[in-house]
2 protein chains.
Amino acid sequence: MATKAPRPGYHHGDLRRTLIEVATTVVETEGEEAVSVREIARRAGVSAAAPFRHFRDKEELLDAVAAEAMVRFRKLMDDATREVLGEPLLEFRALGLAYVRLAVRHPKLFTLAFRRAGADPAGVESMLESRARIERARAQGAILDADPDLIVLAAGAMTQGLCRMIVEGQLGKVTVKEAERLCAGALDVLGHGLLPRPDDC
Amino acid sequence: MATKAPRPGYHHGDLRRTLIEVATTVVETEGEEAVSVREIARRAGVSAAAPFRHFRDKEELLDAVAAEAMVRFRKLMDDATREVLGEPLLEFRALGLAYVRLAVRHPKLFTLAFRRAGADPAGVESMLESRARIERARAQGAILDADPDLIVLAAGAMTQGLCRMIVEGQLGKVTVKEAERLCAGALDVLGHGLLPRPDDC
DNA sequence: TTTGCATGTGATCAATGATTACATTTTGCC
DNA sequence: GGCAAAATGTAATCATTGATCACATGCAAA
C-alpha cells in the first residue's frame with residue numbers, strides 16, 4: 001500500500017504518508033467529523049505538533065486525504081471502462097456503475113473526496129472526457145441529437161444524485177449488487193426517456 | 001417570522017425559537033461548520049450554558065434548524081406545484097425547478113437540511129407522493145410504461161444531483177434563471193431519452 | 001567535524017462542547 | 001394572595017481540540 005518514499009529514512013520514517021494513511025482509515029471507518037489532528041498523531045505515534053510540520057492545518061491534511069482517495073477512485077473508474085473501451089454508451093454505463101460501487105463500498109471516504117473536489121481541475125477534465133464520449137456516441141448514431149452538455153449534465157447529475165442517496169442512507173442499506181441494479185435501471189430510464197414517441201415517428 | 005409561543009413570557013421570552021432562528025441565519029450566511037453553540041448563545045444574548053436547557057447537545061440544535069428549514073422548503077415546493085395541479089408531468093417539472101431554486105438561493109441551509117433529512121419520514125412521504133404522481137401520469141397515458149419506482153428514482157436522483165452540483169459550486173456561480181434553464185434542460189433529456197427509437201416504432 | 005536544515009517535542013493559548021451547583025422567574029395549587 | 005415546585009438562566013469548571021512557539025535532535029553536505 002506504501003507508494004514511494006521521498007527520502008528514505010527521516011526521523012520518523014515518512015510521517016507525511018503515514019498521517020495520510022491513518023487519517024484515511026479513520027475517515028473510512030468513522031467519517032470526516034471523527035478526525036482530529038491529535039488523534040491522528042496519537043495513532044501515528046508522534047506528538048500532537050508533528051503533523052503541523054507537514055500540513056499547514058487540518059484542512060490541508062484532509063485535502064491530502066481527499067486527493068489521494070480521488071487518485072485511487074479514478075483508477076478504479078478507468079479500470080471499469082477499460083473492458084468496454086470504444087463503445088461510448090457502454091463506457092458511460094460502466095462509469096456510472098463504478099461510481100455507485102464506490103459509494104456503496106466507501107461511503108464516508110467517497111463523501112469526503114467528492115465534497116472537496118469542488119473546483120478541482122480533475123473534475124473539469126472528467127467532464128470534458130464525458131462530453132467527448134457523448135459526441136463520439138452521437139457521431140456513431142448511437143444517441144439522439146441533443147445538446148451534449150445537457151446530456152452530460154443530466155447523466156452526471158443522475159449518477160451523482162444516486163450516489164448521494166446511497167451514502168446518506170436514503171435508500172436504506174443496499175448491497176453492491178442492488179445498487180448496481182438501481183443504477184442500471186435509472187440509466188435505462190434515461191436511455192429510453194419518459195414520454196411516448198413525440199410525433200415525428 | 002415568529003410562529004407560535006409555546007408559553008408566552010418566560011425568563012428570556014422564547015429562547016428555543018430564538019436560538020433556532022439565530023442558528024439558521026448563521027448557517028445560511030457562513031455554513032454549518034461555522035456554528036458554535038457559544039456563538040449562537042452570544043448572539044442570542046444569553047449565557048453559554050443556556051442553550052443546553054433547550055437542546056441536549058449541538059446536534060439536536062442543528063437537527064431543529066434542519067427540521068424547521070425543511071418545513072419552509074416544503075411549503076415553497078407545495079406552492080410551486082399548486083399552479084399546475086392536476087397535470088402530473090408539469091407538477092414533476094415544477095417540483096424539480098423549485099428544488100433547484102432553493103439550492104441556488106439557500107445553498108448552505110439546503111445542504112444542512114437535506115444532509116440531516118436521512119431517514120426522515122417526510123422523505124419517504126415525499127417519495128410516495130412522487131410515485132403517486134407518476135402513476136397518475138401513466139394512467140393518463142402521459143408517460144411510457146416502466147417501473148414507477150425506477151422513474152421516481154431516476155428523476156429524484158437527477159434533481160438531487162443537480163442541486164448538489166450547484167451548492168458545491170461545481171457549476172460555478174449560477175443565477176436562479178440559469179439553474180432553472182439547466183434543470184429544465186436536464187429534465188427534457190430525461191423526458192425524450194437518449195436512444196434513437198427502439199424498433200417497435 | 002562542523003554547520004545548517006528538516007523534522008519531532010513539550011509547553012502553552014484560546015475556543016469549544018458539555019456538566020454541575022446555584023440563582024431566579026413562572027406557574028400551578030391551596 | 002401567597003407559596004412550593006418546576007422551568008429556565010448563570011457562573012464556574014473540565015477535557016478536548018487546533019494551532020503556535022521555543023527548543024531539541026538527527027541527517028546531510030561542506
# chains A, B, ... in the order shown; residues from 1 in each chain; ligands from 1
$ closest_atom_pairs --of "segment 41-135 of chain A" --to "segment 176-192 of chain A" --cutoff "10 Å" --atoms "only C-alpha atoms" --output "JSON lines"
{"residue": "A:Leu89", "atom": "CA", "partner": "A:Gly191", "partner_atom": "CA", "distance": 9.8}
{"residue": "A:Phe92", "atom": "CA", "partner": "A:Leu187", "partner_atom": "CA", "distance": 9.4}
{"residue": "A:Arg93", "atom": "CA", "partner": "A:Leu187", "partner_atom": "CA", "distance": 7.3}
{"residue": "A:Ala94", "atom": "CA", "partner": "A:Ala184", "partner_atom": "CA", "distance": 9.2}
{"residue": "A:Gly96", "atom": "CA", "partner": "A:Cys183", "partner_atom": "CA", "distance": 7.1}
{"residue": "A:Leu97", "atom": "CA", "partner": "A:Glu180", "partner_atom": "CA", "distance": 5.8}
{"residue": "A:Ala98", "atom": "CA", "partner": "A:Glu180", "partner_atom": "CA", "distance": 8.6}
{"residue": "A:Tyr99", "atom": "CA", "partner": "A:Cys183", "partner_atom": "CA", "distance": 9.5}
{"residue": "A:Val100", "atom": "CA", "partner": "A:Ala179", "partner_atom": "CA", "distance": 6.6}
{"residue": "A:Arg101", "atom": "CA", "partner": "A:Val176", "partner_atom": "CA", "distance": 5.9}
{"residue": "A:Leu102", "atom": "CA", "partner": "A:Val176", "partner_atom": "CA", "distance": 8.9}
{"residue": "A:Ala103", "atom": "CA", "partner": "A:Val176", "partner_atom": "CA", "distance": 9.0}
{"residue": "A:Val104", "atom": "CA", "partner": "A:Val176", "partner_atom": "CA", "distance": 6.1}
{"residue": "A:Arg105", "atom": "CA", "partner": "A:Val176", "partner_atom": "CA", "distance": 7.4}
$ write_last_selection --atoms "C-alpha atoms" --output "PDB file, in the first residue's frame"
ATOM      1  CA  LEU A  89     -22.577   4.176 -24.323  1.00  0.00           C
ATOM      2  CA  PHE A  92     -20.914   5.622 -19.874  1.00  0.00           C
ATOM      3  CA  ARG A  93     -22.854   2.913 -18.159  1.00  0.00           C
ATOM      4  CA  ALA A  94     -19.729   1.284 -16.787  1.00  0.00           C
ATOM      5  CA  GLY A  96     -21.961   5.100 -13.628  1.00  0.00           C
ATOM      6  CA  LEU A  97     -21.826   1.627 -12.162  1.00  0.00           C
ATOM      7  CA  ALA A  98     -18.274   2.175 -10.963  1.00  0.00           C
ATOM      8  CA  TYR A  99     -19.316   5.385  -9.259  1.00  0.00           C
ATOM      9  CA  VAL A 100     -22.151   3.693  -7.478  1.00  0.00           C
ATOM     10  CA  ARG A 101     -19.961   0.816  -6.435  1.00  0.00           C
ATOM     11  CA  LEU A 102     -17.580   3.227  -4.790  1.00  0.00           C
ATOM     12  CA  ALA A 103     -20.419   4.933  -2.977  1.00  0.00           C
ATOM     13  CA  VAL A 104     -21.565   1.625  -1.522  1.00  0.00           C
ATOM     14  CA  ARG A 105     -18.144   0.369  -0.602  1.00  0.00           C
TER      15      ARG A 105
END
$ residues_around --residues "Ala50 of chain B" --least-positions-apart "4" --cutoff "8 Å" --atoms "only C-alpha atoms (C1' of nucleotides)" --output "PyMOL selection string"
(chain B and resi 41+46+54) or (chain D and resi 9-10)
$ write_last_selection --atoms "C-alpha atoms (C1' of nucleotides)" --output "compact mmCIF listing (two decimals), in the first residue's frame"
# COMPACT_ATOMS: atom_id res chain seq x y z
CA ALA B 41 -25.75 31.89 22.68
CA VAL B 46 -27.66 34.50 26.85
CA HIS B 54 -33.42 23.51 25.25
C1' DG D 9 -30.91 31.12 33.12
C1' DT D 10 -25.97 31.79 35.10
$ interface_residues --of "chain B" --to "chain C" --cutoff "8 Å" --atoms "only C-alpha atoms (C1' of nucleotides)" --output "list of chain:residue names"
B:Tyr10, B:His11, B:Ser36, B:Val37, B:Arg38, B:Asp57, B:Lys58
$ interface_residues --of "chain A" --to "chain B" --cutoff "7 Å" --atoms "only C-alpha atoms" --output "list in words"
Gly118, Ala119, Ala142, Ile143, Leu144, Leu150, Ile151, Leu153, Ala154, Ala157, Met158, Gln160, Gly161, Leu162, Glu168, Gly169, Gln170, Gly185, Ala186, Val189, Leu190, Gly191, His192, Gly193, Leu194, Leu195, Pro196 and Cys201 of chain A
$ interface_residues --of "chain D" --to "chain A" --cutoff "10 Å" --atoms "only C-alpha atoms (C1' of nucleotides)" --output "PyMOL selection string"
chain D and resi 16-20+25-27
$ atom_distance --atom1 "atom C1' of DA12 of chain D" --atom2 "atom CA of Arg42 of chain B"
17.5 Å
